[in-house]
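Participant: Just start.txt, nothing more (compact mmCIF, C-alpha atoms and all ligand atoms):
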# COMPACT_ATOMS: atom_id res chain seq x y z
CA MET A 4 141.34 112.32 74.39
CA THR A 5 138.78 111.87 77.14
CA GLU A 6 135.42 113.56 77.64
CA ALA A 7 135.28 115.95 80.60
CA SER A 8 132.30 114.06 82.03
CA ALA A 9 134.37 110.86 82.30
CA LEU A 10 137.32 112.71 83.82
CA PHE A 11 135.01 114.45 86.28
CA SER A 12 133.32 111.21 87.38
CA ASP A 13 136.71 109.64 87.92
CA ALA A 14 138.00 112.67 89.84
CA LYS A 15 134.95 112.72 92.12
CA LEU A 16 135.79 109.21 93.35
CA VAL A 17 139.02 110.36 94.93
CA ILE A 18 138.88 114.17 95.27
CA PRO A 19 136.06 115.90 97.21
CA GLY A 20 133.76 117.30 94.51
CA GLY A 21 136.35 116.30 91.94
CA VAL A 22 138.30 119.53 92.46
CA ASN A 23 141.06 120.96 94.57
CA SER A 24 139.35 124.34 94.90
CA PRO A 25 135.54 124.59 95.04
CA VAL A 26 134.69 127.15 92.32
CA ARG A 27 136.40 124.96 89.73
CA SER A 28 133.58 122.42 90.05
CA PHE A 29 131.16 124.70 88.15
CA SER A 30 128.67 124.41 91.02
CA GLY A 31 128.19 128.16 90.64
CA VAL A 32 126.87 127.74 87.10
CA GLY A 33 125.91 124.08 86.86
CA GLY A 34 127.24 121.51 84.41
CA THR A 35 130.57 119.75 84.04
CA PRO A 36 133.82 121.68 84.40
CA VAL A 37 136.21 121.94 81.48
CA PHE A 38 139.26 119.76 82.09
CA ILE A 39 142.31 121.59 80.81
CA ASP A 40 145.01 119.80 78.90
CA ARG A 41 147.30 122.72 78.01
CA ALA A 42 147.37 126.46 77.47
CA GLN A 43 149.22 128.90 75.26
CA GLY A 44 148.97 132.70 75.17
CA ALA A 45 145.33 133.76 75.46
CA TYR A 46 144.01 130.23 74.94
CA ILE A 47 143.31 127.14 76.98
CA TYR A 48 142.66 123.75 75.38
CA ASP A 49 140.42 121.12 76.95
CA SER A 50 140.85 117.36 77.16
CA LEU A 51 139.31 116.96 73.69
CA GLY A 52 141.55 119.61 72.15
CA LYS A 53 138.83 122.32 71.96
CA ARG A 54 140.25 125.85 72.18
CA TYR A 55 138.81 128.60 74.39
CA ILE A 56 139.72 132.27 74.69
CA ASP A 57 140.55 132.43 78.39
CA TYR A 58 139.41 135.30 80.62
CA VAL A 59 140.22 133.51 83.88
CA GLY A 60 143.99 133.29 83.48
CA SER A 61 144.29 130.88 86.42
CA TRP A 62 142.29 133.45 88.44
CA GLY A 63 144.73 136.25 87.79
CA PRO A 64 148.36 135.15 87.65
CA MET A 65 148.67 134.72 83.89
CA ILE A 66 148.99 138.40 83.05
CA LEU A 67 151.47 137.66 80.26
CA GLY A 68 149.25 134.93 78.86
CA HIS A 69 149.90 131.22 79.31
CA ALA A 70 153.28 129.56 78.88
CA HIS A 71 155.14 132.75 78.01
CA PRO A 72 158.38 131.47 76.43
CA ASP A 73 160.68 133.62 78.61
CA VAL A 74 158.96 132.48 81.80
CA ILE A 75 159.09 128.84 80.75
CA THR A 76 162.80 129.15 79.93
CA ALA A 77 163.51 130.74 83.32
CA VAL A 78 161.63 127.92 85.05
CA LYS A 79 163.42 125.19 83.11
CA GLN A 80 166.87 126.66 83.68
CA THR A 81 166.23 127.08 87.40
CA ALA A 82 164.63 123.64 87.81
CA GLU A 83 167.73 121.99 86.34
CA LYS A 84 169.74 123.32 89.28
CA GLY A 85 167.44 121.66 91.85
CA LEU A 86 163.86 122.17 92.94
CA SER A 87 164.12 123.22 96.57
CA PHE A 88 166.85 123.70 99.17
CA GLY A 89 165.16 125.12 102.26
CA ALA A 90 168.13 127.48 102.56
CA PRO A 91 168.73 131.04 101.36
CA THR A 92 169.19 131.69 97.63
CA GLU A 93 170.18 134.89 95.84
CA ILE A 94 167.05 134.89 93.69
CA GLU A 95 164.91 135.47 96.82
CA THR A 96 166.76 138.73 97.43
CA LEU A 97 166.36 139.74 93.78
CA MET A 98 162.62 139.08 94.08
CA ALA A 99 162.35 141.04 97.34
CA LYS A 100 164.28 143.96 95.85
CA LYS A 101 162.04 144.01 92.80
CA ILE A 102 158.88 144.09 94.94
CA CYS A 103 160.31 146.83 97.20
CA GLU A 104 161.32 148.85 94.14
CA LEU A 105 157.86 148.64 92.54
CA LEU A 106 155.80 149.20 95.71
CA PRO A 107 157.28 152.06 97.74
CA SER A 108 155.17 151.21 100.83
CA ILE A 109 157.21 148.00 101.17
CA ASP A 110 160.62 148.19 102.84
CA MET A 111 160.83 144.49 103.62
CA VAL A 112 158.95 141.49 102.29
CA ARG A 113 158.57 137.83 103.23
CA MET A 114 157.73 135.22 100.58
CA VAL A 115 155.16 132.46 101.19
CA SER A 116 153.48 129.90 98.94
CA SER A 117 149.89 131.17 98.58
CA GLY A 118 147.68 134.20 99.01
CA THR A 119 146.02 132.52 101.99
CA GLU A 120 149.34 132.24 103.77
CA ALA A 121 150.16 135.84 102.94
CA THR A 122 146.96 137.26 104.45
CA MET A 123 146.95 134.88 107.42
CA SER A 124 150.54 135.87 108.25
CA ALA A 125 149.89 139.58 107.73
CA ILE A 126 146.96 139.40 110.16
CA ARG A 127 149.11 137.65 112.78
CA LEU A 128 151.84 140.22 112.31
CA ALA A 129 149.38 143.11 112.60
CA ARG A 130 147.91 141.62 115.78
CA GLY A 131 151.34 140.94 117.24
CA TYR A 132 152.53 144.42 116.38
CA ALA A 133 149.44 146.24 117.63
CA GLY A 134 148.93 144.01 120.67
CA ARG A 135 145.21 143.84 119.86
CA ASP A 136 142.96 141.01 118.66
CA LYS A 137 140.07 142.51 116.72
CA ILE A 138 140.28 142.82 112.95
CA VAL A 139 138.01 144.51 110.43
CA LYS A 140 137.15 143.13 107.00
CA PHE A 141 134.44 143.88 104.44
CA GLU A 142 131.53 141.74 103.37
CA GLY A 143 132.15 139.99 100.06
CA CYS A 144 135.92 140.48 100.24
CA TYR A 145 137.87 137.24 100.16
CA HIS A 146 141.28 136.99 101.76
CA GLY A 147 141.93 133.27 101.52
CA HIS A 148 140.54 130.58 103.79
CA SER A 149 142.24 131.04 107.14
CA ASP A 150 139.87 130.97 110.13
CA SER A 151 139.92 134.68 110.99
CA LEU A 152 139.17 135.69 107.43
CA LEU A 153 136.51 133.18 106.45
CA VAL A 154 133.77 135.37 107.87
CA LYS A 155 131.24 136.87 105.43
CA ALA A 156 133.77 136.06 102.74
CA GLY A 157 133.51 136.37 98.97
CA SER A 158 134.63 134.18 96.06
CA GLY A 159 133.86 130.45 96.42
CA ALA A 160 132.56 131.01 99.95
CA LEU A 161 129.87 133.23 98.42
CA THR A 162 129.28 131.02 95.39
CA PHE A 163 128.62 128.08 97.69
CA GLY A 164 126.52 129.99 100.18
CA VAL A 165 128.93 129.47 103.08
CA PRO A 166 130.43 132.94 103.49
CA SER A 167 131.08 132.03 107.11
CA SER A 168 132.24 128.42 107.14
CA PRO A 169 131.41 125.73 109.69
CA GLY A 170 134.66 124.76 111.39
CA VAL A 171 135.67 128.32 112.17
CA PRO A 172 135.44 128.52 115.98
CA ALA A 173 133.01 131.16 117.22
CA ALA A 174 135.75 132.37 119.54
CA VAL A 175 137.91 133.16 116.50
CA ALA A 176 135.12 134.63 114.35
CA GLU A 177 134.00 137.00 117.09
CA ASN A 178 137.24 138.92 116.70
CA THR A 179 136.47 139.56 113.04
CA ILE A 180 134.21 142.56 112.53
CA THR A 181 132.60 142.81 109.11
CA LEU A 182 131.39 146.01 107.48
CA ALA A 183 129.89 146.88 104.11
CA TYR A 184 132.46 147.62 101.38
CA ASN A 185 132.54 151.28 100.36
CA ASP A 186 130.66 152.37 103.50
CA SER A 187 133.00 154.97 105.00
CA GLU A 188 130.43 156.12 107.53
CA ALA A 189 130.19 152.61 109.03
CA VAL A 190 133.99 152.50 109.32
CA LYS A 191 134.11 155.82 111.17
CA ALA A 192 131.27 154.81 113.49
CA LEU A 193 132.93 151.49 114.34
CA PHE A 194 136.28 153.11 115.11
CA ALA A 195 134.64 155.78 117.22
CA GLU A 196 133.28 152.95 119.37
CA LEU A 197 136.01 150.27 119.29
CA GLY A 198 139.01 151.87 117.57
CA GLU A 199 141.41 151.25 120.44
CA GLN A 200 140.77 147.48 120.28
CA ILE A 201 141.22 147.12 116.54
CA ALA A 202 144.53 145.62 115.35
CA CYS A 203 143.97 146.13 111.66
CA ILE A 204 141.71 146.66 108.69
CA ILE A 205 142.20 144.26 105.80
CA VAL A 206 140.68 145.28 102.47
CA GLU A 207 140.82 144.41 98.81
CA PRO A 208 141.57 147.89 97.45
CA VAL A 209 139.58 146.87 94.39
CA ALA A 210 137.19 144.10 95.43
CA GLY A 211 137.59 141.19 93.04
CA ASN A 212 135.86 138.38 94.89
CA MET A 213 132.31 139.72 94.69
CA ASN A 214 132.68 140.27 90.97
CA CYS A 215 134.68 143.51 90.45
CA ILE A 216 133.92 146.52 92.64
CA PRO A 217 136.27 149.51 92.63
CA PRO A 218 136.55 151.64 95.78
CA GLU A 219 134.35 154.72 95.82
CA PRO A 220 136.30 157.98 95.95
CA GLY A 221 137.33 158.62 99.57
CA PHE A 222 136.82 155.05 100.83
CA LEU A 223 140.48 153.97 100.90
CA GLU A 224 141.46 157.42 102.20
CA CYS A 225 138.97 156.99 105.05
CA LEU A 226 140.54 153.65 105.99
CA ARG A 227 143.97 155.28 106.03
CA GLN A 228 142.70 158.10 108.19
CA VAL A 229 141.05 155.96 110.88
CA CYS A 230 144.04 153.61 111.04
CA ASP A 231 146.32 156.60 111.58
CA GLN A 232 144.03 158.05 114.21
CA TYR A 233 143.66 154.81 116.21
CA ASN A 234 147.13 153.29 115.60
CA SER A 235 145.64 150.36 113.73
CA VAL A 236 147.44 148.65 110.87
CA LEU A 237 146.05 149.12 107.35
CA ILE A 238 146.49 146.01 105.23
CA PHE A 239 145.84 146.16 101.49
CA ASP A 240 145.21 142.65 100.23
CA GLU A 241 146.70 143.04 96.78
CA VAL A 242 146.87 139.31 96.06
CA MET A 243 144.62 140.00 93.08
CA THR A 244 145.18 143.71 92.37
CA GLY A 245 148.98 143.72 92.80
CA PHE A 246 150.53 144.19 89.34
CA ARG A 247 147.08 143.58 87.88
CA VAL A 248 145.53 147.05 88.00
CA GLY A 249 148.87 148.77 87.35
CA LEU A 250 152.60 148.59 87.96
CA THR A 251 152.29 150.16 91.41
CA GLY A 252 149.28 148.08 92.45
CA ALA A 253 146.01 149.53 93.64
CA GLN A 254 147.97 151.53 96.23
CA GLY A 255 149.73 153.45 93.47
CA TYR A 256 146.63 153.63 91.31
CA TYR A 257 144.59 155.25 94.09
CA ASN A 258 147.55 156.85 95.83
CA VAL A 259 146.82 155.51 99.32
CA LYS A 260 149.69 153.93 101.25
CA PRO A 261 148.97 150.86 103.37
CA ASP A 262 151.13 149.71 106.29
CA LEU A 263 151.19 146.11 105.07
CA THR A 264 150.51 144.65 101.63
CA THR A 265 149.75 141.06 100.72
CA LEU A 266 150.61 139.76 97.26
CA GLY A 267 150.19 136.57 95.25
CA LYS A 268 149.00 135.53 91.79
CA VAL A 269 151.00 137.73 89.33
CA ILE A 270 154.16 137.73 91.47
CA GLY A 271 154.35 133.95 91.02
CA GLY A 272 153.76 133.99 87.27
CA GLY A 273 151.60 130.86 87.70
CA MET A 274 153.70 129.13 90.36
CA PRO A 275 152.47 128.82 93.99
CA VAL A 276 153.65 132.13 95.47
CA GLY A 277 152.44 134.71 97.94
CA ALA A 278 154.16 137.50 99.86
CA PHE A 279 153.52 140.04 102.57
CA GLY A 280 155.52 143.15 103.19
CA GLY A 281 155.43 146.66 104.53
CA SER A 282 157.22 149.19 106.65
CA ARG A 283 160.47 148.14 108.29
CA LYS A 284 159.03 149.13 111.67
CA ILE A 285 156.31 146.48 111.41
CA MET A 286 158.18 143.80 109.44
CA GLU A 287 160.96 143.74 112.05
CA HIS A 288 158.47 142.17 114.45
CA LEU A 289 158.67 138.98 112.39
CA ALA A 290 160.83 135.99 113.41
CA PRO A 291 163.81 135.68 113.47
CA LEU A 292 164.14 139.43 114.15
CA GLY A 293 161.07 139.67 116.34
CA PRO A 294 158.59 137.51 118.25
CA VAL A 295 155.81 137.02 115.65
CA TYR A 296 156.31 133.54 114.23
CA GLN A 297 155.87 132.57 110.61
CA ALA A 298 157.72 130.02 108.45
CA GLY A 299 157.56 127.77 105.36
CA THR A 300 159.43 124.73 104.01
CA LEU A 301 158.92 125.82 100.40
CA SER A 302 158.80 129.61 100.96
CA GLY A 303 160.91 131.45 98.40
CA ASN A 304 161.13 128.30 96.28
CA PRO A 305 163.71 128.94 93.55
CA VAL A 306 161.59 127.75 90.62
CA ALA A 307 158.64 129.84 91.81
CA MET A 308 160.94 132.86 92.26
CA ALA A 309 162.30 132.41 88.74
CA ALA A 310 158.80 132.40 87.22
CA GLY A 311 157.71 135.37 89.31
CA LEU A 312 160.81 137.46 88.77
CA LYS A 313 160.71 136.96 85.01
CA THR A 314 157.04 137.93 85.02
CA LEU A 315 157.77 141.08 87.02
CA GLU A 316 160.56 141.97 84.59
CA LEU A 317 158.28 141.63 81.59
CA ILE A 318 155.40 143.67 83.03
CA THR A 319 157.80 146.52 83.75
CA GLU A 320 158.24 147.15 80.02
CA PRO A 321 157.04 150.63 79.01
CA GLY A 322 153.42 150.80 77.89
CA PHE A 323 152.49 147.39 79.31
CA TYR A 324 149.62 148.59 81.53
CA GLN A 325 148.43 151.19 79.08
CA ALA A 326 147.89 148.43 76.53
CA LEU A 327 146.35 146.03 79.07
CA THR A 328 143.97 148.66 80.43
CA GLY A 329 143.01 149.77 76.92
CA LYS A 330 142.10 146.23 75.91
CA THR A 331 140.11 145.62 79.07
CA GLU A 332 138.19 148.88 78.74
CA LYS A 333 137.40 148.18 75.11
CA LEU A 334 136.22 144.67 75.93
CA VAL A 335 133.78 145.75 78.64
CA SER A 336 132.47 148.88 76.94
CA ASP A 337 131.80 147.01 73.69
CA LEU A 338 130.20 144.13 75.60
CA LYS A 339 127.87 146.60 77.30
CA GLN A 340 127.01 148.23 74.00
CA ARG A 341 126.29 144.93 72.24
CA ALA A 342 124.23 143.71 75.19
CA GLY A 343 122.22 146.93 74.96
CA LEU A 344 121.56 146.36 71.26
CA ALA A 345 120.10 142.96 72.17
CA GLY A 346 117.92 144.52 74.86
CA ILE A 347 119.98 143.08 77.75
CA ALA A 348 120.83 145.35 80.67
CA LEU A 349 124.52 144.93 81.43
CA THR A 350 126.67 147.11 83.69
CA THR A 351 130.43 146.74 83.76
CA ASN A 352 133.38 147.72 85.93
CA SER A 353 137.07 147.53 85.11
CA VAL A 354 140.36 148.65 86.61
CA GLY A 355 143.58 147.91 84.72
CA GLY A 356 143.44 144.28 83.56
CA MET A 357 140.52 143.17 85.74
CA PHE A 358 136.83 143.50 84.98
CA GLY A 359 133.31 142.66 86.14
CA LEU A 360 130.05 142.05 84.25
CA PHE A 361 126.72 142.59 86.02
CA PHE A 362 123.35 141.62 84.61
CA THR A 363 121.39 144.48 86.14
CA ALA A 364 119.53 147.60 85.10
CA GLU A 365 121.46 149.65 87.67
CA GLN A 366 123.84 152.08 85.99
CA GLN A 367 126.58 151.68 88.57
CA VAL A 368 127.44 148.75 90.82
CA SER A 369 129.54 149.63 93.86
CA ARG A 370 127.97 147.72 96.75
CA PHE A 371 127.81 144.07 97.76
CA ALA A 372 124.00 144.19 98.04
CA GLN A 373 123.76 145.32 94.42
CA VAL A 374 125.94 142.41 93.30
CA MET A 375 123.64 139.99 95.11
CA ASN A 376 120.65 141.48 93.30
CA CYS A 377 122.01 140.88 89.79
CA ASP A 378 120.29 138.33 87.56
CA GLN A 379 122.19 135.15 88.34
CA ASN A 380 120.16 132.98 86.02
CA LEU A 381 120.91 135.21 83.10
CA PHE A 382 124.60 135.08 84.00
CA LYS A 383 124.52 131.27 84.04
CA ARG A 384 122.90 131.11 80.62
CA PHE A 385 125.36 133.67 79.26
CA PHE A 386 128.30 131.77 80.76
CA HIS A 387 127.29 128.44 79.22
CA ALA A 388 126.49 129.89 75.80
CA MET A 389 129.88 131.66 75.74
CA LEU A 390 131.64 128.47 76.85
CA GLU A 391 129.94 126.49 74.13
CA GLN A 392 131.24 129.00 71.57
CA GLY A 393 134.80 128.87 72.92
CA VAL A 394 135.00 131.72 75.44
CA TYR A 395 136.03 130.72 78.97
CA LEU A 396 134.73 133.12 81.63
CA ALA A 397 134.92 132.66 85.39
CA PRO A 398 132.26 130.06 86.33
CA SER A 399 130.60 132.26 88.94
CA ALA A 400 128.83 135.62 89.00
CA PHE A 401 130.98 136.59 91.99
CA GLU A 402 134.41 136.52 90.37
CA ALA A 403 136.33 139.16 88.46
CA GLY A 404 137.55 138.46 84.92
CA PHE A 405 141.09 139.01 83.65
CA VAL A 406 142.60 140.12 80.36
CA SER A 407 146.24 139.29 79.56
CA ALA A 408 148.88 140.86 77.39
CA ALA A 409 148.46 137.87 75.06
CA HIS A 410 144.86 138.75 74.16
CA SER A 411 145.06 140.19 70.65
CA ASP A 412 142.63 142.62 69.04
CA GLU A 413 141.34 139.66 67.02
CA ASP A 414 140.70 137.68 70.23
CA LEU A 415 138.70 140.59 71.62
CA GLU A 416 136.74 141.04 68.37
CA ARG A 417 135.98 137.33 68.25
CA THR A 418 134.82 137.44 71.88
CA LEU A 419 132.56 140.40 71.11
CA ASP A 420 131.07 138.77 68.02
CA ILE A 421 130.33 135.60 69.98
CA ALA A 422 128.85 137.63 72.84
CA GLU A 423 126.64 139.60 70.43
CA ALA A 424 125.12 136.40 69.09
CA VAL A 425 124.77 135.01 72.62
CA PHE A 426 123.07 138.18 73.92
CA LYS A 427 120.53 137.92 71.09
CA SER A 428 119.83 134.29 71.98
CA LEU A 429 119.28 134.84 75.71
N1 LIG A 501 143.29 137.46 98.72
C1 LIG A 501 142.67 137.76 97.58
C2 LIG A 501 142.27 139.18 97.31
C3 LIG A 501 142.39 136.77 96.65
O1 LIG A 501 141.76 137.09 95.51
C4 LIG A 501 142.77 135.43 96.94
C5 LIG A 501 142.49 134.29 95.98
N2 LIG A 501 141.66 134.51 94.95
C6 LIG A 501 143.42 135.17 98.14
C7 LIG A 501 143.67 136.21 99.02
C8 LIG A 501 143.86 133.79 98.51
O2 LIG A 501 144.90 133.38 97.67
P1 LIG A 501 145.20 131.83 97.44
O3 LIG A 501 144.05 131.27 96.69
O4 LIG A 501 146.49 131.83 96.66
O5 LIG A 501 145.37 131.20 98.78
Give the structure from the file, written as structure tokens.

Facilitator:
Amino acid sequence: MTEASALFSDAKLVIPGGVNSPVRSFSGVGGTPVFIDRAQGAYIYDSLGKRYIDYVGSWGPMILGHAHPDVITAVKQTAEKGLSFGAPTEIETLMAKKICELLPSIDMVRMVSSGTEATMSAIRLARGYAGRDKIVKFEGCYHGHSDSLLVKAGSGALTFGVPSSPGVPAAVAENTITLAYNDSEAVKALFAELGEQIACIIVEPVAGNMNCIPPEPGFLECLRQVCDQYNSVLIFDEVMTGFRVGLTGAQGYYNVKPDLTTLGKVIGGGMPVGAFGGSRKIMEHLAPLGPVYQAGTLSGNPVAMAAGLKTLELITEPGFYQALTGKTEKLVSDLKQRAGLAGIALTTNSVGGMFGLFFTAEQQVSRFAQVMNCDQNLFKRFFHAMLEQGVYLAPSAFEAGFVSAAHSDEDLERTLDIAEAVFKSL
């Protein structure tokens, strides 16, 4: 049993900032991060054994809740047969078939080990396929930390005030054009001017790295239309939304078909996994079939595939997303109502099992600029008061929250009761 402050001091001696991913350091909210010892179902337990109801879920993967017994069994059984071979295994094909079956836009898929790798590789493939260099992304969207995509990025890049990181060569960044999310007119205007030079658009079909911003009606359709018109590749970055907003991803939820899709988080069930896939016509440009190179020592790792495949099997059970969506909607609507009773202006968004809380008087939040105008200080105070009472929210006003199948009605009620008291104290 060690205090987090001691663990953090020790970690900072040998790990930059004491963390292996910046937002974990709590710099976005101040204070000392919780050091996790273990997790089960909807709960995480810190180094002193204190229990928290967890709405981070490892930033999205833990849709079944932590340490689901069937997933753990699958991992153990697979691990006993060896951890990595660097050669083909049957389970990779089973995983690929499952993804192709669930997402009809995907004919072929390649597994990688993180979301960053998935988006980086999808961008290279889109450029190689289109024979063009320029790419379009949206401000506040985060697609991992590869050079081309770390331009006006969301998530930790936003939390730390470095949306465009030093170290990204200007020559690389100048091929990344950034527009405002949900601004269809800007997209049309850009394509009218430069459409023939644009390899691809990459978009989070529900933005989850500037808090949670759903697409406005017509936005995703507009992206599809301009990509068709100018022969550009439409990439949906579903690393977060894939199997989070529904069984057919955001593409099924909004009924817009991308050319390429990137996946991660849920498809690994908590193991390091990413994937990118799409139409056969494009995917056949990838080595060894085609000239666009991409590879990975641990890609398709058997233990990771076992965790992911078992997770995908379990989320396919009838009624899974109905229940998850119902819980998430109840959580955010009741939070808003209880905030209102305490005189606090709170606006919420949710799609499937992901949600966003905004401390603002605006009735609807659908633009990056609105997110930036929310009351960050109030969020920080809310975050710490909730943490103190045993509710673990994302430690930044720019991240989406996640509900899992393991969150019970009692967990939600307890969260709401704690929040009610916290709202009154703010
Ligand atoms: N794309 C999106 C939409 C993400 O949310 C993230 C991570 N939060 C990534 C890409 C990068 O994934 P990873 O952290 O696994 O590299």

Participant: To one decimal place, how far is CA of Met357 in chain A from CA of Ile66 in chain A in Å?

Facilitator: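 So the answer is 10.1 Å.
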
Participant: Counting all atoms listed in the file, what are the residues, protein, DNA or RNA alike, that approach ligand LIG 501 (chain A) to within 10 Å? I want them as a PDB file with C-alpha atoms, keeping the file's coordinate frame.

Facilitator:
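Just written: out03.pdb:
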ATOM      1  CA  SER A  24     139.350 124.340  94.900  1.00  0.00           C
ATOM      2  CA  SER A  61     144.290 130.880  86.420  1.00  0.00           C
ATOM      3  CA  TRP A  62     142.290 133.450  88.440  1.00  0.00           C
ATOM      4  CA  GLY A  63     144.730 136.250  87.790  1.00  0.00           C
ATOM      5  CA  PRO A  64     148.360 135.150  87.650  1.00  0.00           C
ATOM      6  CA  VAL A 115     155.160 132.460 101.190  1.00  0.00           C
ATOM      7  CA  SER A 116     153.480 129.900  98.940  1.00  0.00           C
ATOM      8  CA  SER A 117     149.890 131.170  98.580  1.00  0.00           C
ATOM      9  CA  GLY A 118     147.680 134.200  99.010  1.00  0.00           C
ATOM     10  CA  THR A 119     146.020 132.520 101.990  1.00  0.00           C
ATOM     11  CA  GLU A 120     149.340 132.240 103.770  1.00  0.00           C
ATOM     12  CA  ALA A 121     150.160 135.840 102.940  1.00  0.00           C
ATOM     13  CA  THR A 122     146.960 137.260 104.450  1.00  0.00           C
ATOM     14  CA  MET A 123     146.950 134.880 107.420  1.00  0.00           C
ATOM     15  CA  CYS A 144     135.920 140.480 100.240  1.00  0.00           C
ATOM     16  CA  TYR A 145     137.870 137.240 100.160  1.00  0.00           C
ATOM     17  CA  HIS A 146     141.280 136.990 101.760  1.00  0.00           C
ATOM     18  CA  GLY A 147     141.930 133.270 101.520  1.00  0.00           C
ATOM     19  CA  HIS A 148     140.540 130.580 103.790  1.00  0.00           C
ATOM     20  CA  SER A 149     142.240 131.040 107.140  1.00  0.00           C
ATOM     21  CA  LEU A 152     139.170 135.690 107.430  1.00  0.00           C
ATOM     22  CA  GLY A 157     133.510 136.370  98.970  1.00  0.00           C
ATOM     23  CA  SER A 158     134.630 134.180  96.060  1.00  0.00           C
ATOM     24  CA  GLY A 159     133.860 130.450  96.420  1.00  0.00           C
ATOM     25  CA  ILE A 205     142.200 144.260 105.800  1.00  0.00           C
ATOM     26  CA  VAL A 206     140.680 145.280 102.470  1.00  0.00           C
ATOM     27  CA  GLU A 207     140.820 144.410  98.810  1.00  0.00           C
ATOM     28  CA  PRO A 208     141.570 147.890  97.450  1.00  0.00           C
ATOM     29  CA  VAL A 209     139.580 146.870  94.390  1.00  0.00           C
ATOM     30  CA  ALA A 210     137.190 144.100  95.430  1.00  0.00           C
ATOM     31  CA  GLY A 211     137.590 141.190  93.040  1.00  0.00           C
ATOM     32  CA  ASN A 212     135.860 138.380  94.890  1.00  0.00           C
ATOM     33  CA  MET A 213     132.310 139.720  94.690  1.00  0.00           C
ATOM     34  CA  PHE A 239     145.840 146.160 101.490  1.00  0.00           C
ATOM     35  CA  ASP A 240     145.210 142.650 100.230  1.00  0.00           C
ATOM     36  CA  GLU A 241     146.700 143.040  96.780  1.00  0.00           C
ATOM     37  CA  VAL A 242     146.870 139.310  96.060  1.00  0.00           C
ATOM     38  CA  MET A 243     144.620 140.000  93.080  1.00  0.00           C
ATOM     39  CA  THR A 244     145.180 143.710  92.370  1.00  0.00           C
ATOM     40  CA  GLY A 245     148.980 143.720  92.800  1.00  0.00           C
ATOM     41  CA  THR A 265     149.750 141.060 100.720  1.00  0.00           C
ATOM     42  CA  LEU A 266     150.610 139.760  97.260  1.00  0.00           C
ATOM     43  CA  GLY A 267     150.190 136.570  95.250  1.00  0.00           C
ATOM     44  CA  LYS A 268     149.000 135.530  91.790  1.00  0.00           C
ATOM     45  CA  GLY A 271     154.350 133.950  91.020  1.00  0.00           C
ATOM     46  CA  MET A 274     153.700 129.130  90.360  1.00  0.00           C
ATOM     47  CA  PRO A 275     152.470 128.820  93.990  1.00  0.00           C
ATOM     48  CA  VAL A 276     153.650 132.130  95.470  1.00  0.00           C
ATOM     49  CA  GLY A 277     152.440 134.710  97.940  1.00  0.00           C
ATOM     50  CA  GLU A 402     134.410 136.520  90.370  1.00  0.00           C
ATOM     51  CA  ALA A 403     136.330 139.160  88.460  1.00  0.00           C
TER      52      ALA A 403
END

Participant: Compare A:Met111, A:Leu349, A:Leu312, A:Val259 by their minimum atom-to-atom distance to Gln228 in chain A, counting all atoms listed in the file, and give me the closest one.

Facilitator: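 Smallest distance to Gln228 in chain A is found for A:Val259.
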
Participant: Which of these, A:Lys333, A:Leu51, A:Arg130, A:Ile56, has the shortest distance to Val394 in chain A once you count all atoms listed in the file?

Facilitator: A:Ile56

Participant: Restrict the calculation to all atoms listed in the file, then for each residue of range 281-372 of chain A with any atom at most 12 Å from an atom of range 395-399 of chain A give the closest atom pair and their distance in Å to one decimal, rows by chain and rising residue number, as CSV.

Facilitator:
residue,atom,partner,partner_atom,distance
A:Met357,CA,A:Ala397,CA,11.9
A:Phe358,CA,A:Ala397,CA,11.0
A:Gly359,CA,A:Ala397,CA,10.2
A:Leu360,CA,A:Leu396,CA,10.4
A:Phe361,CA,A:Ser399,CA,11.4

Participant: Under the rule that only C-alpha atoms are counted, which of A:Gly89, A:Gly34, A:Pro291, A:Gly44 is the nearest residue to His410 in chain A?

Facilitator: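 Closest to His410 in chain A, using only C-alpha atoms: A:Gly44.
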
Participant: Can you tell me which residues surround Gly164 in chain A at a distance of at most 12 Å, considering only C-alpha atoms, apart from same-chain residues fewer than 3 positions away, and format the answer as a list in words?

Facilitator: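 Listed by chain and then number, they are Pro25, Val26, Ser30, Gly31, Gly143, Val154, Lys155, Ala156, Gly157, Ser158, Gly159, Ala160, Leu161, Ser167, Ser168, Pro169, Met375 and Phe401 of chain A.
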